Structures are given as structure tokens and as C-alpha cells.
Amino acid sequence: MPAADRGVRSGVQSLIKFIGVSVLAGALAAGLAIPFAGFAGLGTQEVAQSVQSLPRELDTEPLAVRSRILAADGSLIATLFEQNRVPVALAQISPIMRKALVAIEDSRFYQHGALDAKGTLRAMLRNQSEGVVEQGGSSITQQYVKLSLVEKAKTAEERQRATAVTYERKLAELRYAIAVEGEFSKDQILERYLNLVNFGDGAYGVQAAAQHYFRTTAKNLTLPQAALLAGLVKNPTGYDPTNDLPRAKARRDVVIRRMLELSIISPGQANAALKTPVIDLARVQKVPNGCASSRYPFYCDYVVSKLLDNPALGRTAKERDHYLKTGGLTVRTSLDPRLQASAQASIRQHSKPTDTAVAAITIVEPGSGLVKAMVQSKPYGNGKNQTAYNYNVEKSYPGGYGGFQNGSTMKAFTIAAAIQQGLPLNYRINSPAQIDLSMKKFRTCKGFTRDRDYRPQNSTRSGNLTLIEAARYSTNTYFLQLSQRTGLCAPATIAADLGMYNAQTLEPLDQVVSFTLGVGYVTPLMLSNAYATFAARGKYCRPVLVTSLRDKAGKPIETPGIDCKQAIAPGVADGVNRVLSAVMEPGGTGGRLNFGNWDLAGKTGTIQDNLAVWYAGYAPNLAAAAVVADANLPYTNLMYGHTLDGEDISDPTGSGTAGPLWQTAMQSALKGLPVRRFVPPTAKVIGGNQDDRPPGNGRRPDDEADNRGPN
């Protein structure tokens, strides 16, 4: 007997034997007929036991659904997904789509059980003659089982088992299919399948596919559109119209003709559908994935970093990342698109991406900690004049830059400490142009410290000044002497209570002699939120980016919300507001930045060697901090070789360089908000009726420079 004939005869014998075994195992009672020649060498008892020992229920994973990050007004910031999928109910899928899929994949789906015995036998006989394990014949239920097992696989080994071309895998799938048919109706199985299957080009599920290829919904799919999608499931890559349009058309037409053959559509409908163009490639709608595609990529990245710290999303960062990209979460954030646009417009007006210096602005709402805007001059990316670093935030995640030294903006915390200790706003200190502090001890929280070679200077007004006058002119020698009297522990504690820390090490700020002139590295987010505490009369609120978090069913997931405390007494904050308001009055270092009828307060900051310049300020409604700095190691003086807005920075100052960024952003951001006033400090805090206006015979300072010398 020829070898080919012996092979066919052996295959038929295997089929007869296994059908007999299947009957013994009770498989045919469930509509199961299995084409496996691989069991020909086993005894009847062994095969029967193999069938009965298989799992009886299919434990499926939840569908991977894309998550959305939204702005405060509900507009989309970003979509995150491993698979672009939007599940819909069967009623939301057009009948023609359902019919097209059934026609081409399993035309007897509603007539047979877990498996189409006729189709499987035909496929088995073909497989036997061709010497393969499986080729066609799988019902929609079997396909659903296979896809579910692949979806459930966590490791490469599990994925290999789920797709291995073996009789054991095929048998397991059939056993699972029986369980699925027993648990779900045909319509439920079809709905699950249509939401699970890959439709090519990154679209999973029929709703995402309809949106992607046709900019429509699954409910509104037409006959030719449905035929294209139904044809894709057999080979999502090979029949993808964005890869091979002629091949996609040929496959679509096969589906249409099959529907005509089954009398699902009329000849006229078929002819019209066949003449319809397959797809308009110009209208294919890619769904952006991740923060890099967002309008607000830096803010988005920072939000994601906070979500990955939330234990409610999983035990490990890997679990949280997976859930974030597959859980169908809705993340509502604090970002206000109007305020974001205001800040971004200021960046565009005062800087360019090609500048050697970088600029950044953060805006925060006092009394809530809601982070309303976060912008910077370098666009997001890895190309020339781009960066992946967020210059507004701490170094707590790979994209966090870690801040800059902030100069005299730290004087605000010394002011608060002095008022807290009962020193009035008219408290005078003789403040010479230069002072020798090399032998002076400064009290810290743990003892004392000194700087044996520290002789700082003023660059603005010197003399016998009050607290308000010294703040107005940013007189260094006044505040250094003031911090010696208050001790360093008090302002450092207040700064820490208002959320200030070293943004690079994430450790407390160092309590050194020059603390009041700037120490460590801080961020615009950190500083704007600390100053927002003064605007909120001493109520500190932890910065909030995520305001609500819900799963795909709309159920709330625990997330840190608005969290406020009274960090300093209202009367102390009122005093700080009065002092920092003087900075923005005529003659103050920030006087040129005042605008409108608003109550405004702020402070300039310039660090040693002009490596960074700051302006931080606030109204009762909003607080913001702006910085211009060199962000490339080794840091160099902004005066030498650095540009901002395409021009050389000849005289870097807090008010003249960073100040305009703050002013333009805040003037636009406050537009339309109610005008609110600071609460005046009490007479006790002021300290009497002493005139705190600037002396009339002094020069008008443009800004301070903290010529501190080495620390």
C-alpha cells in the first residue's frame, strides 16, 4: 500500500477511535467532536481520563481598556493603553456588523454548540491529508477562548502555551468552549468576542476599530465598513488596509460575497458594497497613546508619576502601571486649560525653545493646593532644543529635573518666623552695605552653626531699616541679622511646614547661615504652593494634581484629595502679606510688576553668580512662581553667553528677567476672577503708627543680587 494511502487510512482510524473515546468521556453530549490524530497511540481509558481532567470553567481576565486623563473641565489630556479598546454592549453594535462577522467566521454559530461538528470534521480530514494539527474549523466560541487565554497570559512561556500548535492546547480550548457555552448565551459570547478581538493597526474591539478606520461608532457601521472589519479578524496585520489596501479590499469582498451566498444581503446591496471605496486613508484616526502625545506632556508625566505612587492601583509599580494602561480608568486632574494657556502664552511671549536659558512657571490655587498650570520653554521630546525634563518639579521620578536654588524668595519664611516670634513690621535693624558674620553663631534645630568666612553685601538699600523697608529693597544684611535673632530653626520649620525641601535629594533644606538668601534646590511648584499658603492666610494645602479617580464602571478609587492644615496663624500670614505687598509697591524690587486693581504680593530671587533668577508672587486667588535658569551642567552665569527670547541676557534679575514671565501669566490668569483683598494685619503685628513708606531720598532699586560669597 502506498505511504500516502497508509497515512490517510491511519488518520481515519484515529478519528474513529477518538470519536469513540469522546463518547465515553461525555464530550459529544456537549456537541464536541475533536479531530486529534495525536491520541491514536493512547488507550481508551487514558484519553477519557485526559478529557475529564481538563478545567471546566474559563477564568478570563478583565478586558484591557484604555484609560483617560482629563483636565478640570473634562477635556482630554491623554489616553493611556496597552490595547486601544472601548467596550460596548451588543445593542451598541450594528446588526450588519454582527451578521458580517458570523457569516465569515462561523456561519452556523447560532445552530451548533461549543464547536461546529461539520466544520471541524471537514477541517480535520483536510488536516489529516495535509499533515497539520489544525487548520480552520474553529467556532467563534473557540476563537473567543483562545483569545482569552492569550490575553490572560502574563509571561512569554504562558503566551507560548496559549498559542502552541498542539493537540493538548486544542483539547483544552474545546473543553473551555463547552464551559463558556454553558455559562453564556450566544449573544453574550458574540459581544465578548467583538470587544476582545484585534482589528489591526492597534485597534482592539469593534468600537475602537470603527472609530479608528472610519471615525464612526460600532452602532453606525455600514455594510462595506462592517465587511472590512469582519475580514480583518482572520489576519489583522495581513488584511490591515493601512498596510496593504488591495489585499484588504479583496478580503472585504470575500466577506460581502459570503453574506450574499448566505442570503444575508441582496444582490443589489452586495454590488453597491463591492463598488464602495474600502477606506479613506487620510481619515484614519490614530489614538495618541501616552503623555508624549498630550497637549500638556510635562504635566501629564507628573500626574502619571503620582498615580504610580498610589497603592490603590496595585501592590507594585509594575502592577500599577499595568492597571493604569488596561483598567479603563478616568483620571480627573486639577489642570485648568484657560490658566494653562495663560502661562503658556507668557512663555511664548518672553522666551524661545532655542534659548540657552530655560524658563518655567507653575500656578497654584490658594486654599486648595490645586495645581492649575505648569509650563516651560523647552518643548517635550528628545530632539534638538527639546527635553524630557520637567523643570517645575522635584527629582522624584525620571522626568523630574530637581529644581534650582531660589535666592531671596526664602526671605518670606524668615519674615514669617519674625512675626511669629512677636517682632513687629516696623522692627528696625541697622543694615550696613557689608557685614562680617564669620564669628556669629546661628541657632539651628539641633544646636548652632557658623560660616567662618562669610561677609555678605547688599546690592540695593542699606541703613537703619524696618522689616517692610528691608523687604521692599531686599536688603541682605537686614535679613541675615534678622535670621540670627529668630534662629534658623524657626524659618526652616515654617518652610518645611509649607512644603519646602531639597528637590534633588528630597531631604530637608540645610540650616546654614545663608538660609534666608536661598539654600538647596527648590521648584516652581514647591515655591508657588508655599506662597499660596500666605495668600490663604496660613492654610497650607498639599499640591493636588489628581482630583478624582474612577474605574471603568465609574466606581471611585481612593486617591489623595485636597489636604489642608493651618500651618501658620492667620495673623502671621496677614503680616507676611503686608510685607511682601510692599515689594510690589512703587520703589520695591517688584514694583514694576504690579498691575490692575489687584492686591498683589511677591518676592524676587537671584542666586549667587546669577545661575538662576526667580519671581514668586500671588493674589488672594492665585499664586505663581517663575524661574529662568541655566539647566545644563556645569551651570554658568546667565550674564555670559545665555539667551532668553532670542536675546543675550545682559543683566539677569528676578524682577527684570523672571518677573515679566510671572506678570504676563498672572495678569491673564486673573482676568475674569473676582477681585479679592488681603486681610490687613493687626496694629500689634504692625507695631505702631510708624511710617513704613520708603525714604524719599534713596535710589529706586531695580532688583537685589545676593552677593553672598561662598557658604
# chains A, B, ... in the order shown; residues from 1 in each chain; ligands from 1

$ residues_around --residues "A:Val278" --least-positions-apart "6" --cutoff "10 Å" --atoms "only C-alpha atoms" --output "list in words"
Tyr213, Pro224, Gln225, Ala227, Leu228, Pro241, Leu245, Pro246, Ala248, Lys249, Ala250, Arg252 and Asp253 of chain A

$ residues_around --residues "A:Ala416" --least-positions-apart "2" --cutoff "12 Å" --atoms "only C-alpha atoms" --output "PyMOL selection string"
chain A and resi 410-414+418-425+467+479+482-483+486+490-495+497-498+516+530-531+533-534+537-538+567-580+685

$ closest_atom_pairs --of "stretch 392-495 of chain A" --to "stretch 500-515 of chain A" --cutoff "10 Å" --atoms "only C-alpha atoms" --output "JSON lines"
{"residue": "A:Val393", "atom": "CA", "partner": "A:Ala503", "partner_atom": "CA", "distance": 7.5}
{"residue": "A:Glu394", "atom": "CA", "partner": "A:Ala503", "partner_atom": "CA", "distance": 4.5}
{"residue": "A:Lys395", "atom": "CA", "partner": "A:Gln504", "partner_atom": "CA", "distance": 5.2}
{"residue": "A:Ser396", "atom": "CA", "partner": "A:Leu506", "partner_atom": "CA", "distance": 7.6}
{"residue": "A:Gly400", "atom": "CA", "partner": "A:Gln504", "partner_atom": "CA", "distance": 8.9}
{"residue": "A:Tyr401", "atom": "CA", "partner": "A:Gln504", "partner_atom": "CA", "distance": 7.8}
{"residue": "A:Gly402", "atom": "CA", "partner": "A:Gln504", "partner_atom": "CA", "distance": 4.5}
{"residue": "A:Gly403", "atom": "CA", "partner": "A:Ala503", "partner_atom": "CA", "distance": 5.7}
{"residue": "A:Phe404", "atom": "CA", "partner": "A:Ala503", "partner_atom": "CA", "distance": 8.3}
{"residue": "A:Gln405", "atom": "CA", "partner": "A:Asn502", "partner_atom": "CA", "distance": 9.4}
{"residue": "A:Gly407", "atom": "CA", "partner": "A:Phe515", "partner_atom": "CA", "distance": 9.1}
{"residue": "A:Ser408", "atom": "CA", "partner": "A:Phe515", "partner_atom": "CA", "distance": 9.2}
{"residue": "A:Met410", "atom": "CA", "partner": "A:Phe515", "partner_atom": "CA", "distance": 7.3}
{"residue": "A:Lys411", "atom": "CA", "partner": "A:Phe515", "partner_atom": "CA", "distance": 8.4}
{"residue": "A:Phe413", "atom": "CA", "partner": "A:Phe515", "partner_atom": "CA", "distance": 9.7}
{"residue": "A:Thr414", "atom": "CA", "partner": "A:Phe515", "partner_atom": "CA", "distance": 8.9}
{"residue": "A:Leu437", "atom": "CA", "partner": "A:Val513", "partner_atom": "CA", "distance": 8.6}
{"residue": "A:Ser438", "atom": "CA", "partner": "A:Val513", "partner_atom": "CA", "distance": 9.7}
{"residue": "A:Lys440", "atom": "CA", "partner": "A:Val513", "partner_atom": "CA", "distance": 9.0}
{"residue": "A:Lys441", "atom": "CA", "partner": "A:Val513", "partner_atom": "CA", "distance": 8.4}
{"residue": "A:Phe442", "atom": "CA", "partner": "A:Val513", "partner_atom": "CA", "distance": 6.5}
{"residue": "A:Arg443", "atom": "CA", "partner": "A:Gln511", "partner_atom": "CA", "distance": 8.9}
{"residue": "A:Thr444", "atom": "CA", "partner": "A:Gln511", "partner_atom": "CA", "distance": 6.4}
{"residue": "A:Cys445", "atom": "CA", "partner": "A:Gln511", "partner_atom": "CA", "distance": 8.2}
{"residue": "A:Lys446", "atom": "CA", "partner": "A:Gln511", "partner_atom": "CA", "distance": 9.6}
{"residue": "A:Phe448", "atom": "CA", "partner": "A:Val512", "partner_atom": "CA", "distance": 9.4}
{"residue": "A:Thr449", "atom": "CA", "partner": "A:Val512", "partner_atom": "CA", "distance": 6.7}
{"residue": "A:Arg450", "atom": "CA", "partner": "A:Val513", "partner_atom": "CA", "distance": 6.2}
{"residue": "A:Asp451", "atom": "CA", "partner": "A:Val513", "partner_atom": "CA", "distance": 6.5}
{"residue": "A:Tyr454", "atom": "CA", "partner": "A:Val513", "partner_atom": "CA", "distance": 8.7}
{"residue": "A:Pro456", "atom": "CA", "partner": "A:Ser514", "partner_atom": "CA", "distance": 9.1}
{"residue": "A:Asn476", "atom": "CA", "partner": "A:Ser514", "partner_atom": "CA", "distance": 9.6}
{"residue": "A:Phe479", "atom": "CA", "partner": "A:Ser514", "partner_atom": "CA", "distance": 9.5}
{"residue": "A:Leu480", "atom": "CA", "partner": "A:Ser514", "partner_atom": "CA", "distance": 7.1}
{"residue": "A:Gln481", "atom": "CA", "partner": "A:Val513", "partner_atom": "CA", "distance": 9.9}
{"residue": "A:Ser483", "atom": "CA", "partner": "A:Phe515", "partner_atom": "CA", "distance": 8.3}
{"residue": "A:Gln484", "atom": "CA", "partner": "A:Val513", "partner_atom": "CA", "distance": 8.1}
{"residue": "A:Gly487", "atom": "CA", "partner": "A:Val513", "partner_atom": "CA", "distance": 9.6}
{"residue": "A:Leu488", "atom": "CA", "partner": "A:Gln511", "partner_atom": "CA", "distance": 6.0}
{"residue": "A:Cys489", "atom": "CA", "partner": "A:Gln511", "partner_atom": "CA", "distance": 7.2}
{"residue": "A:Pro491", "atom": "CA", "partner": "A:Phe515", "partner_atom": "CA", "distance": 8.6}
{"residue": "A:Ala492", "atom": "CA", "partner": "A:Gln511", "partner_atom": "CA", "distance": 6.8}
{"residue": "A:Thr493", "atom": "CA", "partner": "A:Met500", "partner_atom": "CA", "distance": 9.4}
{"residue": "A:Ile494", "atom": "CA", "partner": "A:Met500", "partner_atom": "CA", "distance": 8.7}
{"residue": "A:Ala495", "atom": "CA", "partner": "A:Met500", "partner_atom": "CA", "distance": 5.3}

$ select_by_dssp --residues "stretch 297-417 of chain A" --states "strand (DSSP E)" --output "PyMOL selection string"
chain A and resi 330-333+358-364+371-376

$ write_last_selection --atoms "N, CA and C atoms" --output "tab-separated table (two decimals), in the first residue's frame"
chain	number	residue	atom	x	y	z
A	330	THR	N	-10.69	56.60	34.65
A	330	THR	CA	-10.91	58.01	34.32
A	330	THR	C	-10.24	58.84	35.40
A	331	VAL	N	-9.21	59.57	35.01
A	331	VAL	CA	-8.42	60.36	35.94
A	331	VAL	C	-8.74	61.83	35.71
A	332	ARG	N	-9.39	62.44	36.66
A	332	ARG	CA	-9.70	63.87	36.57
A	332	ARG	C	-8.62	64.66	37.31
A	333	THR	N	-8.09	65.69	36.66
A	333	THR	CA	-6.99	66.45	37.25
A	333	THR	C	-7.37	67.89	37.54
A	358	VAL	N	16.56	78.31	30.36
A	358	VAL	CA	15.22	77.73	30.38
A	358	VAL	C	14.32	78.58	31.28
A	359	ALA	N	13.04	78.57	30.99
A	359	ALA	CA	12.05	79.28	31.80
A	359	ALA	C	10.92	78.32	32.17
A	360	ALA	N	10.38	78.49	33.36
A	360	ALA	CA	9.29	77.62	33.82
A	360	ALA	C	8.37	78.40	34.75
A	361	ILE	N	7.08	78.05	34.71
A	361	ILE	CA	6.07	78.71	35.55
A	361	ILE	C	5.09	77.65	36.06
A	362	THR	N	4.73	77.74	37.34
A	362	THR	CA	3.65	76.94	37.91
A	362	THR	C	2.65	77.87	38.58
A	363	ILE	N	1.37	77.59	38.41
A	363	ILE	CA	0.30	78.36	39.06
A	363	ILE	C	-0.51	77.42	39.95
A	364	VAL	N	-0.76	77.85	41.19
A	364	VAL	CA	-1.46	77.06	42.19
A	364	VAL	C	-2.60	77.88	42.78
A	371	VAL	N	-3.15	72.37	41.49
A	371	VAL	CA	-2.13	72.83	40.55
A	371	VAL	C	-2.81	73.14	39.23
A	372	LYS	N	-2.94	74.41	38.94
A	372	LYS	CA	-3.76	74.86	37.82
A	372	LYS	C	-3.01	74.91	36.49
A	373	ALA	N	-1.71	75.16	36.53
A	373	ALA	CA	-0.95	75.28	35.29
A	373	ALA	C	0.51	74.95	35.56
A	374	MET	N	1.17	74.43	34.52
A	374	MET	CA	2.58	74.05	34.63
A	374	MET	C	3.18	74.10	33.22
A	375	VAL	N	4.06	75.06	32.97
A	375	VAL	CA	4.60	75.24	31.63
A	375	VAL	C	6.10	75.48	31.68
A	376	GLN	N	6.75	75.33	30.53
A	376	GLN	CA	8.18	75.63	30.43
A	376	GLN	C	8.54	75.92	28.99

$ select_by_dssp --residues "stretch 191-378 of chain A" --states "alpha helix (DSSP H)" --output "PyMOL selection string"
chain A and resi 191-196+206-214+223-232+245-261+267-275+297-307+317-326+337-350

$ residues_around --residues "A:Asn610" --least-positions-apart "5" --cutoff "10 Å" --atoms "only C-alpha atoms" --output "NGL selection string"
:A and (407 or 605 or 628-630 or 635-640 or 651-654 or 705-707)

$ residues_around --residues "A:Asn594" --least-positions-apart "4" --cutoff "10 Å" --atoms "only C-alpha atoms" --output "ChimeraX atom specification"
/A:581,583-586,590,598-602,663,667

$ residues_around --residues "A:Thr237" --least-positions-apart "6" --cutoff "8 Å" --atoms "only C-alpha atoms" --output "list in words"
Gly200, Asp201 and Asn243 of chain A

$ closest_residue --among "A:Glu61, A:Glu181, A:Glu261, A:Glu319" --to "A:Ala100" --atoms "only C-alpha atoms"
A:Glu261

$ residues_around --residues "A:Pro62" --least-positions-apart "6" --cutoff "10 Å" --atoms "only C-alpha atoms" --output "number ranges by chain"
A: 148, 151-152, 326-327

$ closest_residue --among "A:Ala683, A:Met666, A:Ala273, A:Leu70" --to "A:Ala341" --atoms "only C-alpha atoms"
A:Met666

$ residues_around --residues "A:Leu196" --least-positions-apart "4" --cutoff "8 Å" --atoms "only C-alpha atoms" --output "ChimeraX atom specification"
/A:63,144,147-148,192,204-205

$ decode --residues "stretch 312-332 of chain A" --atoms "N, CA, C and O atoms" --output "PDB file, in the first residue's frame"
ATOM      1  N   ALA A 312      -3.498  52.138  45.824  1.00  0.00           N
ATOM      2  CA  ALA A 312      -4.835  51.657  45.458  1.00  0.00           C
ATOM      3  C   ALA A 312      -4.854  51.067  44.050  1.00  0.00           C
ATOM      4  O   ALA A 312      -5.783  50.340  43.700  1.00  0.00           O
ATOM      5  N   LEU A 313      -3.828  51.345  43.256  1.00  0.00           N
ATOM      6  CA  LEU A 313      -3.774  50.826  41.887  1.00  0.00           C
ATOM      7  C   LEU A 313      -2.974  49.535  41.784  1.00  0.00           C
ATOM      8  O   LEU A 313      -2.859  48.962  40.693  1.00  0.00           O
ATOM      9  N   GLY A 314      -2.411  49.074  42.880  1.00  0.00           N
ATOM     10  CA  GLY A 314      -1.647  47.830  42.838  1.00  0.00           C
ATOM     11  C   GLY A 314      -0.572  47.801  43.894  1.00  0.00           C
ATOM     12  O   GLY A 314      -0.200  48.825  44.469  1.00  0.00           O
ATOM     13  N   ARG A 315      -0.050  46.607  44.135  1.00  0.00           N
ATOM     14  CA  ARG A 315       0.966  46.454  45.181  1.00  0.00           C
ATOM     15  C   ARG A 315       2.328  46.961  44.748  1.00  0.00           C
ATOM     16  O   ARG A 315       3.107  47.434  45.571  1.00  0.00           O
ATOM     17  N   THR A 316       2.643  46.853  43.465  1.00  0.00           N
ATOM     18  CA  THR A 316       3.946  47.272  42.960  1.00  0.00           C
ATOM     19  C   THR A 316       3.768  48.298  41.854  1.00  0.00           C
ATOM     20  O   THR A 316       2.681  48.449  41.282  1.00  0.00           O
ATOM     21  N   ALA A 317       4.863  48.988  41.537  1.00  0.00           N
ATOM     22  CA  ALA A 317       4.810  49.975  40.457  1.00  0.00           C
ATOM     23  C   ALA A 317       4.448  49.313  39.134  1.00  0.00           C
ATOM     24  O   ALA A 317       3.732  49.898  38.315  1.00  0.00           O
ATOM     25  N   LYS A 318       4.918  48.078  38.923  1.00  0.00           N
ATOM     26  CA  LYS A 318       4.607  47.352  37.686  1.00  0.00           C
ATOM     27  C   LYS A 318       3.118  47.048  37.603  1.00  0.00           C
ATOM     28  O   LYS A 318       2.498  47.216  36.542  1.00  0.00           O
ATOM     29  N   GLU A 319       2.525  46.609  38.716  1.00  0.00           N
ATOM     30  CA  GLU A 319       1.085  46.329  38.736  1.00  0.00           C
ATOM     31  C   GLU A 319       0.283  47.603  38.499  1.00  0.00           C
ATOM     32  O   GLU A 319      -0.721  47.602  37.780  1.00  0.00           O
ATOM     33  N   ARG A 320       0.721  48.695  39.110  1.00  0.00           N
ATOM     34  CA  ARG A 320       0.003  49.963  38.950  1.00  0.00           C
ATOM     35  C   ARG A 320       0.072  50.452  37.511  1.00  0.00           C
ATOM     36  O   ARG A 320      -0.923  50.935  36.964  1.00  0.00           O
ATOM     37  N   ASP A 321       1.246  50.324  36.910  1.00  0.00           N
ATOM     38  CA  ASP A 321       1.407  50.743  35.524  1.00  0.00           C
ATOM     39  C   ASP A 321       0.496  49.927  34.603  1.00  0.00           C
ATOM     40  O   ASP A 321      -0.150  50.478  33.700  1.00  0.00           O
ATOM     41  N   HIS A 322       0.435  48.617  34.844  1.00  0.00           N
ATOM     42  CA  HIS A 322      -0.422  47.752  34.028  1.00  0.00           C
ATOM     43  C   HIS A 322      -1.894  48.121  34.208  1.00  0.00           C
ATOM     44  O   HIS A 322      -2.640  48.234  33.215  1.00  0.00           O
ATOM     45  N   TYR A 323      -2.312  48.342  35.434  1.00  0.00           N
ATOM     46  CA  TYR A 323      -3.712  48.684  35.701  1.00  0.00           C
ATOM     47  C   TYR A 323      -4.050  50.042  35.096  1.00  0.00           C
ATOM     48  O   TYR A 323      -5.132  50.233  34.528  1.00  0.00           O
ATOM     49  N   LEU A 324      -3.111  50.969  35.186  1.00  0.00           N
ATOM     50  CA  LEU A 324      -3.341  52.301  34.637  1.00  0.00           C
ATOM     51  C   LEU A 324      -3.561  52.254  33.133  1.00  0.00           C
ATOM     52  O   LEU A 324      -4.346  53.020  32.579  1.00  0.00           O
ATOM     53  N   LYS A 325      -2.895  51.314  32.441  1.00  0.00           N
ATOM     54  CA  LYS A 325      -2.986  51.231  30.994  1.00  0.00           C
ATOM     55  C   LYS A 325      -4.028  50.232  30.509  1.00  0.00           C
ATOM     56  O   LYS A 325      -4.272  50.133  29.306  1.00  0.00           O
ATOM     57  N   THR A 326      -4.628  49.474  31.409  1.00  0.00           N
ATOM     58  CA  THR A 326      -5.601  48.455  30.994  1.00  0.00           C
ATOM     59  C   THR A 326      -6.922  48.538  31.746  1.00  0.00           C
ATOM     60  O   THR A 326      -7.870  47.847  31.384  1.00  0.00           O
ATOM     61  N   GLY A 327      -6.997  49.352  32.784  1.00  0.00           N
ATOM     62  CA  GLY A 327      -8.158  49.338  33.674  1.00  0.00           C
ATOM     63  C   GLY A 327      -9.314  50.215  33.267  1.00  0.00           C
ATOM     64  O   GLY A 327     -10.339  50.249  33.955  1.00  0.00           O
ATOM     65  N   GLY A 328      -9.183  50.974  32.167  1.00  0.00           N
ATOM     66  CA  GLY A 328     -10.274  51.858  31.762  1.00  0.00           C
ATOM     67  C   GLY A 328     -10.551  52.946  32.776  1.00  0.00           C
ATOM     68  O   GLY A 328     -11.708  53.354  32.960  1.00  0.00           O
ATOM     69  N   LEU A 329      -9.506  53.452  33.412  1.00  0.00           N
ATOM     70  CA  LEU A 329      -9.663  54.450  34.469  1.00  0.00           C
ATOM     71  C   LEU A 329      -9.974  55.828  33.881  1.00  0.00           C
ATOM     72  O   LEU A 329      -9.555  56.158  32.770  1.00  0.00           O
ATOM     73  N   THR A 330     -10.694  56.604  34.649  1.00  0.00           N
ATOM     74  CA  THR A 330     -10.911  58.011  34.322  1.00  0.00           C
ATOM     75  C   THR A 330     -10.238  58.838  35.403  1.00  0.00           C
ATOM     76  O   THR A 330     -10.633  58.786  36.567  1.00  0.00           O
ATOM     77  N   VAL A 331      -9.212  59.567  35.008  1.00  0.00           N
ATOM     78  CA  VAL A 331      -8.417  60.363  35.940  1.00  0.00           C
ATOM     79  C   VAL A 331      -8.745  61.830  35.708  1.00  0.00           C
ATOM     80  O   VAL A 331      -8.417  62.391  34.657  1.00  0.00           O
ATOM     81  N   ARG A 332      -9.388  62.442  36.665  1.00  0.00           N
ATOM     82  CA  ARG A 332      -9.701  63.874  36.567  1.00  0.00           C
ATOM     83  C   ARG A 332      -8.617  64.656  37.306  1.00  0.00           C
ATOM     84  O   ARG A 332      -8.251  64.317  38.424  1.00  0.00           O
TER      85      ARG A 332
END
